[in-house]
file my_file27.pdb (PDB, C-alpha atoms)
ATOM      1  CA  MET A   3     -14.925 -11.669  40.460  1.00  0.00           C
ATOM      2  CA  LYS A   4     -11.728 -11.022  38.494  1.00  0.00           C
ATOM      3  CA  PHE A   5     -11.620 -14.684  37.370  1.00  0.00           C
ATOM      4  CA  ARG A   6     -15.143 -14.488  35.936  1.00  0.00           C
ATOM      5  CA  SER A   7     -14.291 -11.230  34.113  1.00  0.00           C
ATOM      6  CA  LEU A   8     -11.181 -12.801  32.630  1.00  0.00           C
ATOM      7  CA  ALA A   9     -13.190 -15.841  31.544  1.00  0.00           C
ATOM      8  CA  CYS A  10     -15.701 -13.570  29.792  1.00  0.00           C
ATOM      9  CA  LEU A  11     -12.886 -11.735  28.037  1.00  0.00           C
ATOM     10  CA  ALA A  12     -11.560 -15.044  26.724  1.00  0.00           C
ATOM     11  CA  VAL A  13     -14.985 -15.965  25.281  1.00  0.00           C
ATOM     12  CA  VAL A  14     -15.422 -12.749  23.277  1.00  0.00           C
ATOM     13  CA  PRO A  15     -12.419 -13.305  20.956  1.00  0.00           C
ATOM     14  CA  ALA A  16     -13.491 -16.935  20.486  1.00  0.00           C
ATOM     15  CA  LEU A  17     -16.968 -15.797  19.406  1.00  0.00           C
ATOM     16  CA  LEU A  18     -15.498 -13.206  17.058  1.00  0.00           C
ATOM     17  CA  LEU A  19     -13.166 -15.816  15.595  1.00  0.00           C
ATOM     18  CA  THR A  20     -16.103 -18.183  15.041  1.00  0.00           C
ATOM     19  CA  ALA A  21     -18.101 -15.444  13.283  1.00  0.00           C
ATOM     20  CA  GLY A  22     -15.075 -14.643  11.125  1.00  0.00           C
ATOM     21  CA  LEU A  23     -14.579 -18.310  10.248  1.00  0.00           C
ATOM     22  CA  ALA A  24     -18.175 -18.649   9.031  1.00  0.00           C
ATOM     23  CA  GLN A  25     -17.707 -15.690   6.697  1.00  0.00           C
ATOM     24  CA  ALA A  26     -14.217 -16.831   5.723  1.00  0.00           C
ATOM     25  CA  GLN A  27     -15.767 -19.970   4.264  1.00  0.00           C
ATOM     26  CA  VAL A  28     -17.192 -18.036   1.331  1.00  0.00           C
ATOM     27  CA  VAL A  29     -15.938 -19.825  -1.766  1.00  0.00           C
ATOM     28  CA  VAL A  30     -15.431 -17.952  -5.025  1.00  0.00           C
ATOM     29  CA  ALA A  31     -14.652 -20.292  -7.917  1.00  0.00           C
ATOM     30  CA  ASN A  32     -14.274 -20.351 -11.705  1.00  0.00           C
ATOM     31  CA  ALA A  33     -13.622 -16.607 -11.929  1.00  0.00           C
ATOM     32  CA  TRP A  34     -12.723 -15.240 -15.361  1.00  0.00           C
ATOM     33  CA  VAL A  35     -12.822 -11.955 -17.247  1.00  0.00           C
ATOM     34  CA  ARG A  36     -13.602 -11.587 -20.925  1.00  0.00           C
ATOM     35  CA  ALA A  37     -10.467 -10.502 -22.816  1.00  0.00           C
ATOM     36  CA  THR A  38     -10.721  -7.213 -24.717  1.00  0.00           C
ATOM     37  CA  VAL A  39      -9.540  -5.651 -27.938  1.00  0.00           C
ATOM     38  CA  PRO A  40      -7.533  -2.390 -28.122  1.00  0.00           C
ATOM     39  CA  GLN A  41      -9.580   0.708 -27.233  1.00  0.00           C
ATOM     40  CA  GLN A  42     -12.337  -1.354 -25.568  1.00  0.00           C
ATOM     41  CA  LYS A  43     -13.241   0.357 -22.281  1.00  0.00           C
ATOM     42  CA  SER A  44     -15.519  -2.231 -20.645  1.00  0.00           C
ATOM     43  CA  THR A  45     -15.892  -5.967 -20.226  1.00  0.00           C
ATOM     44  CA  GLY A  46     -17.573  -8.550 -18.022  1.00  0.00           C
ATOM     45  CA  ALA A  47     -16.273 -10.711 -15.186  1.00  0.00           C
ATOM     46  CA  PHE A  48     -17.921 -13.990 -14.281  1.00  0.00           C
ATOM     47  CA  LEU A  49     -17.651 -16.301 -11.269  1.00  0.00           C
ATOM     48  CA  GLN A  50     -19.433 -18.627  -8.863  1.00  0.00           C
ATOM     49  CA  ILE A  51     -20.071 -17.928  -5.163  1.00  0.00           C
ATOM     50  CA  LYS A  52     -21.105 -20.288  -2.371  1.00  0.00           C
ATOM     51  CA  SER A  53     -21.429 -19.514   1.330  1.00  0.00           C
ATOM     52  CA  PRO A  54     -22.486 -21.538   4.379  1.00  0.00           C
ATOM     53  CA  THR A  55     -24.406 -18.483   5.665  1.00  0.00           C
ATOM     54  CA  ASP A  56     -26.752 -15.950   4.057  1.00  0.00           C
ATOM     55  CA  LEU A  57     -24.740 -13.073   2.639  1.00  0.00           C
ATOM     56  CA  LYS A  58     -25.010 -10.255   0.150  1.00  0.00           C
ATOM     57  CA  LEU A  59     -22.347  -9.289  -2.356  1.00  0.00           C
ATOM     58  CA  ILE A  60     -22.315  -5.526  -1.828  1.00  0.00           C
ATOM     59  CA  SER A  61     -19.344  -4.344  -3.884  1.00  0.00           C
ATOM     60  CA  VAL A  62     -16.571  -5.349  -6.246  1.00  0.00           C
ATOM     61  CA  SER A  63     -13.377  -3.497  -7.063  1.00  0.00           C
ATOM     62  CA  THR A  64     -10.291  -4.054  -9.201  1.00  0.00           C
ATOM     63  CA  PRO A  65      -7.179  -2.055  -9.975  1.00  0.00           C
ATOM     64  CA  SER A  66      -7.785  -2.925 -13.667  1.00  0.00           C
ATOM     65  CA  ALA A  67     -10.883  -0.692 -13.998  1.00  0.00           C
ATOM     66  CA  GLY A  68     -12.134   2.637 -12.735  1.00  0.00           C
ATOM     67  CA  VAL A  69     -15.596   1.190 -12.074  1.00  0.00           C
ATOM     68  CA  ALA A  70     -16.719  -2.306 -11.133  1.00  0.00           C
ATOM     69  CA  GLU A  71     -20.431  -3.018 -10.573  1.00  0.00           C
ATOM     70  CA  VAL A  72     -22.642  -6.055 -10.249  1.00  0.00           C
ATOM     71  CA  HIS A  73     -25.115  -5.964 -13.137  1.00  0.00           C
ATOM     72  CA  GLU A  74     -28.256  -7.897 -13.925  1.00  0.00           C
ATOM     73  CA  MET A  75     -29.411  -8.912 -17.382  1.00  0.00           C
ATOM     74  CA  ALA A  76     -33.192  -9.255 -17.596  1.00  0.00           C
ATOM     75  CA  MET A  77     -35.879  -9.179 -20.245  1.00  0.00           C
ATOM     76  CA  ASP A  78     -37.959  -5.997 -20.285  1.00  0.00           C
ATOM     77  CA  GLY A  79     -40.739  -6.876 -22.702  1.00  0.00           C
ATOM     78  CA  ASP A  80     -38.938  -7.952 -25.873  1.00  0.00           C
ATOM     79  CA  VAL A  81     -35.669  -6.215 -24.979  1.00  0.00           C
ATOM     80  CA  MET A  82     -32.789  -7.570 -22.907  1.00  0.00           C
ATOM     81  CA  ARG A  83     -31.671  -4.832 -20.530  1.00  0.00           C
ATOM     82  CA  MET A  84     -28.628  -4.546 -18.303  1.00  0.00           C
ATOM     83  CA  ARG A  85     -28.673  -2.567 -15.073  1.00  0.00           C
ATOM     84  CA  PRO A  86     -26.543  -2.274 -11.926  1.00  0.00           C
ATOM     85  CA  VAL A  87     -27.858  -3.799  -8.695  1.00  0.00           C
ATOM     86  CA  ALA A  88     -27.111  -2.490  -5.206  1.00  0.00           C
ATOM     87  CA  SER A  89     -26.404  -5.981  -3.869  1.00  0.00           C
ATOM     88  CA  LEU A  90     -26.705  -9.636  -4.823  1.00  0.00           C
ATOM     89  CA  ALA A  91     -28.122 -12.195  -2.377  1.00  0.00           C
ATOM     90  CA  VAL A  92     -26.025 -15.282  -1.716  1.00  0.00           C
ATOM     91  CA  PRO A  93     -28.371 -17.692   0.118  1.00  0.00           C
ATOM     92  CA  ALA A  94     -26.748 -20.161   2.512  1.00  0.00           C
ATOM     93  CA  GLY A  95     -25.632 -23.343   0.766  1.00  0.00           C
ATOM     94  CA  LYS A  96     -26.779 -22.232  -2.698  1.00  0.00           C
ATOM     95  CA  LEU A  97     -24.447 -21.735  -5.640  1.00  0.00           C
ATOM     96  CA  VAL A  98     -24.818 -18.241  -7.104  1.00  0.00           C
ATOM     97  CA  GLU A  99     -23.443 -18.012 -10.613  1.00  0.00           C
ATOM     98  CA  LEU A 100     -22.461 -14.747 -12.255  1.00  0.00           C
ATOM     99  CA  LYS A 101     -22.426 -15.682 -15.932  1.00  0.00           C
ATOM    100  CA  PRO A 102     -22.922 -14.268 -19.417  1.00  0.00           C
ATOM    101  CA  GLY A 103     -26.571 -13.365 -19.965  1.00  0.00           C
ATOM    102  CA  GLY A 104     -27.345 -13.129 -16.223  1.00  0.00           C
ATOM    103  CA  TYR A 105     -25.807 -11.481 -13.205  1.00  0.00           C
ATOM    104  CA  HIS A 106     -22.191 -10.494 -13.868  1.00  0.00           C
ATOM    105  CA  VAL A 107     -19.569  -7.980 -12.817  1.00  0.00           C
ATOM    106  CA  MET A 108     -19.283  -5.097 -15.256  1.00  0.00           C
ATOM    107  CA  LEU A 109     -15.781  -3.600 -15.455  1.00  0.00           C
ATOM    108  CA  MET A 110     -15.827  -0.103 -16.946  1.00  0.00           C
ATOM    109  CA  ASP A 111     -13.200   2.551 -17.590  1.00  0.00           C
ATOM    110  CA  LEU A 112     -10.572  -0.144 -18.105  1.00  0.00           C
ATOM    111  CA  LYS A 113      -7.000   0.984 -17.423  1.00  0.00           C
ATOM    112  CA  GLY A 114      -5.791  -0.919 -20.497  1.00  0.00           C
ATOM    113  CA  PRO A 115      -6.563  -3.899 -22.717  1.00  0.00           C
ATOM    114  CA  LEU A 116      -6.981  -7.299 -21.070  1.00  0.00           C
ATOM    115  CA  LYS A 117      -5.254  -9.971 -23.109  1.00  0.00           C
ATOM    116  CA  THR A 118      -5.945 -13.678 -22.861  1.00  0.00           C
ATOM    117  CA  GLY A 119      -3.943 -14.983 -19.914  1.00  0.00           C
ATOM    118  CA  ASP A 120      -3.743 -11.663 -18.043  1.00  0.00           C
ATOM    119  CA  ALA A 121      -4.653 -11.981 -14.344  1.00  0.00           C
ATOM    120  CA  VAL A 122      -7.289  -9.549 -13.094  1.00  0.00           C
ATOM    121  CA  VAL A 123      -7.564  -9.155  -9.324  1.00  0.00           C
ATOM    122  CA  LEU A 124     -11.182  -8.850  -8.168  1.00  0.00           C
ATOM    123  CA  THR A 125     -11.958  -7.868  -4.572  1.00  0.00           C
ATOM    124  CA  LEU A 126     -15.473  -8.819  -3.470  1.00  0.00           C
ATOM    125  CA  VAL A 127     -17.071  -7.402  -0.317  1.00  0.00           C
ATOM    126  CA  PHE A 128     -19.813  -9.424   1.374  1.00  0.00           C
ATOM    127  CA  GLU A 129     -22.190  -8.394   4.132  1.00  0.00           C
ATOM    128  CA  GLY A 130     -23.766 -10.829   6.580  1.00  0.00           C
ATOM    129  CA  ALA A 131     -27.212 -10.610   8.156  1.00  0.00           C
ATOM    130  CA  ASP A 132     -25.562  -9.027  11.213  1.00  0.00           C
ATOM    131  CA  LYS A 133     -24.064  -6.302   8.952  1.00  0.00           C
ATOM    132  CA  SER A 134     -20.533  -7.684   9.432  1.00  0.00           C
ATOM    133  CA  ARG A 135     -18.394  -7.476   6.315  1.00  0.00           C
ATOM    134  CA  SER A 136     -15.827  -9.808   4.819  1.00  0.00           C
ATOM    135  CA  THR A 137     -13.596  -9.476   1.784  1.00  0.00           C
ATOM    136  CA  VAL A 138     -12.515 -12.128  -0.697  1.00  0.00           C
ATOM    137  CA  SER A 139      -9.908 -11.448  -3.376  1.00  0.00           C
ATOM    138  CA  VAL A 140      -9.516 -13.678  -6.422  1.00  0.00           C
ATOM    139  CA  GLN A 141      -7.339 -13.649  -9.517  1.00  0.00           C
ATOM    140  CA  ALA A 142      -9.499 -14.020 -12.600  1.00  0.00           C
ATOM    141  CA  PRO A 143      -7.726 -14.932 -15.840  1.00  0.00           C
ATOM    142  CA  ALA A 144      -8.721 -13.005 -18.939  1.00  0.00           C
ATOM    143  CA  ARG A 145      -9.952 -15.259 -21.712  1.00  0.00           C
ATOM    144  CA  THR A 146     -12.347 -15.310 -24.595  1.00  0.00           C
ATOM    145  CA  GLY A 147     -15.669 -16.756 -23.586  1.00  0.00           C
ATOM    146  CA  PRO A 148     -18.598 -18.511 -25.119  1.00  0.00           C
ATOM    147  CA  VAL A 149     -19.806 -16.613 -28.167  1.00  0.00           C
ATOM    148  CA  GLU A 150     -22.826 -18.786 -28.823  1.00  0.00           C
ATOM    149  CA  ASP A 151     -25.042 -17.154 -26.157  1.00  0.00           C
ATOM    150  CA  PRO A 152     -27.262 -14.641 -28.013  1.00  0.00           C
ATOM    151  CA  LYS A 153     -28.298 -13.073 -24.666  1.00  0.00           C
ATOM    152  CA  ASP A 154     -24.702 -12.117 -23.841  1.00  0.00           C
ATOM    153  CA  PRO A 155     -23.973  -8.534 -24.982  1.00  0.00           C
ATOM    154  CA  HIS A 156     -20.271  -9.126 -24.252  1.00  0.00           C
ATOM    155  CA  ALA A 157     -20.049 -12.202 -26.496  1.00  0.00           C
ATOM    156  CA  GLY A 158     -17.641 -11.861 -29.362  1.00  0.00           C
ATOM    157  CA  HIS A 159     -15.934  -8.696 -28.116  1.00  0.00           C
ATOM    158  CA  GLY A 160     -12.599 -10.439 -28.462  1.00  0.00           C
ATOM    159  CA  ASP A 161     -13.378 -11.499 -32.019  1.00  0.00           C
ATOM    160  CA  HIS A 162     -13.739  -8.152 -33.784  1.00  0.00           C
ATOM    161  CA  LYS A 163     -11.956  -4.847 -34.187  1.00  0.00           C
ATOM    162  CA  HIS A 164     -13.399  -1.491 -33.130  1.00  0.00           C
TER
END

call {"tool": "encode", "arguments": {"input": "my_file27.pdb", "output": "structure tokens"}}
result
Amino acid sequence: MKFRSLACLAVVPALLLTAGLAQAQVVVANAWVRATVPQQKSTGAFLQIKSPTDLKLISVSTPSAGVAEVHEMAMDGDVMRMRPVASLAVPAGKLVELKPGGYHVMLMDLKGPLKTGDAVVLTLVFEGADKSRSTVSVQAPARTGPVEDPKDPHAGHGDHKH
């Protein structure tokens, strides 16, 4: 009886490790933050996410800003509107791109200007279908981004003075 109990105890950590490994395989790539000008209090962060399992991005934080939220850009009639979303689905095996003019991370109440080359730490929290959570931290370099996208309200912020 004791042997069987010990065998069961050995299986539980192995199962937990396997579940953790599946979530640990979340890949966050090509992260960057739009550089700012003095006195600018908000900017966008952009990145790509891929996961082998269905997940949701449920929160983002950074020491560089007081508020970090996932936002969606969408047409509302003839007007492009931006709004926060509670979570962002990351379907298994699909690349989810947070980019100018679409889903992105909005950084507000910036602690200071973000100059080209500065590293911004972003901490992303994901939730699996079983409600388990995992965290991925990335360093996103600040840089100027594409200014040719007319749908991007952040485009050109690094190119003018306030």

call {"tool": "resolve_selection", "arguments": {"input": "my_file27.pdb", "expression": "the PyMOL selection byres ((chain A and resi 123-132) around 8)", "output": "PyMOL selection string"}}
result
chain A and resi 25+55-66+121-122+133-142

call {"tool": "resolve_selection", "arguments": {"input": "my_file27.pdb", "expression": "the PyMOL selection byres ((chain A and resi 84) around 8)", "output": "MDAnalysis selection string"}}
result
chainID A and resid 73:76 82:83 85:86

call {"tool": "atom_distance", "arguments": {"input": "my_file27.pdb", "atom1": "CA of Arg36 in chain A", "atom2": "CA of Glu99 in chain A"}}
result
15.6 Å

call {"tool": "atom_distance", "arguments": {"input": "my_file27.pdb", "atom1": "CA of Lys52 in chain A", "atom2": "CA of Asn32 in chain A"}}
result
11.6 Å

call {"tool": "atom_distance", "arguments": {"input": "my_file27.pdb", "atom1": "CA of Gly147 in chain A", "atom2": "CA of Ala67 in chain A"}}
result
19.3 Å

call {"tool": "resolve_selection", "arguments": {"input": "my_file27.pdb", "expression": "the PyMOL selection byres ((chain A and resi 34) around 6)", "output": "list in words"}}
result
Ala33, Val35, Ala47, Phe48, Ala142, Pro143 and Ala144 of chain A

call {"tool": "residues_around", "arguments": {"input": "my_file27.pdb", "residues": "Val29 in chain A", "least_positions_apart": "5", "cutoff": "10 Å", "atoms": "only C-alpha atoms", "output": "number ranges by chain"}}
result
A: 50-54, 97, 138

call {"tool": "closest_residue", "arguments": {"input": "my_file27.pdb", "among": "A:Ala88, A:Val72, A:Val30, A:Met77", "to": "Tyr105 in chain A", "atoms": "only C-alpha atoms"}}
result
A:Val72

call {"tool": "closest_residue", "arguments": {"input": "my_file27.pdb", "among": "A:Ala70, A:Val98, A:Ala91, A:Val81", "to": "Asp111 in chain A", "atoms": "all atoms listed in the file"}}
result
A:Ala70

call {"tool": "closest_residue", "arguments": {"input": "my_file27.pdb", "among": "A:Gly79, A:Ala31, A:Gly119, A:Ser89", "to": "Leu49 in chain A", "atoms": "all atoms listed in the file"}}
result
A:Ala31

call {"tool": "closest_residue", "arguments": {"input": "my_file27.pdb", "among": "A:Pro115, A:Gly46, A:Asp80, A:Asp120", "to": "Leu100 in chain A", "atoms": "only C-alpha atoms"}}
result
A:Gly46

call {"tool": "closest_residue", "arguments": {"input": "my_file27.pdb", "among": "A:Gln42, A:Gly68, A:Val28, A:Arg145", "to": "Lys117 in chain A", "atoms": "all atoms listed in the file"}}
result
A:Arg145
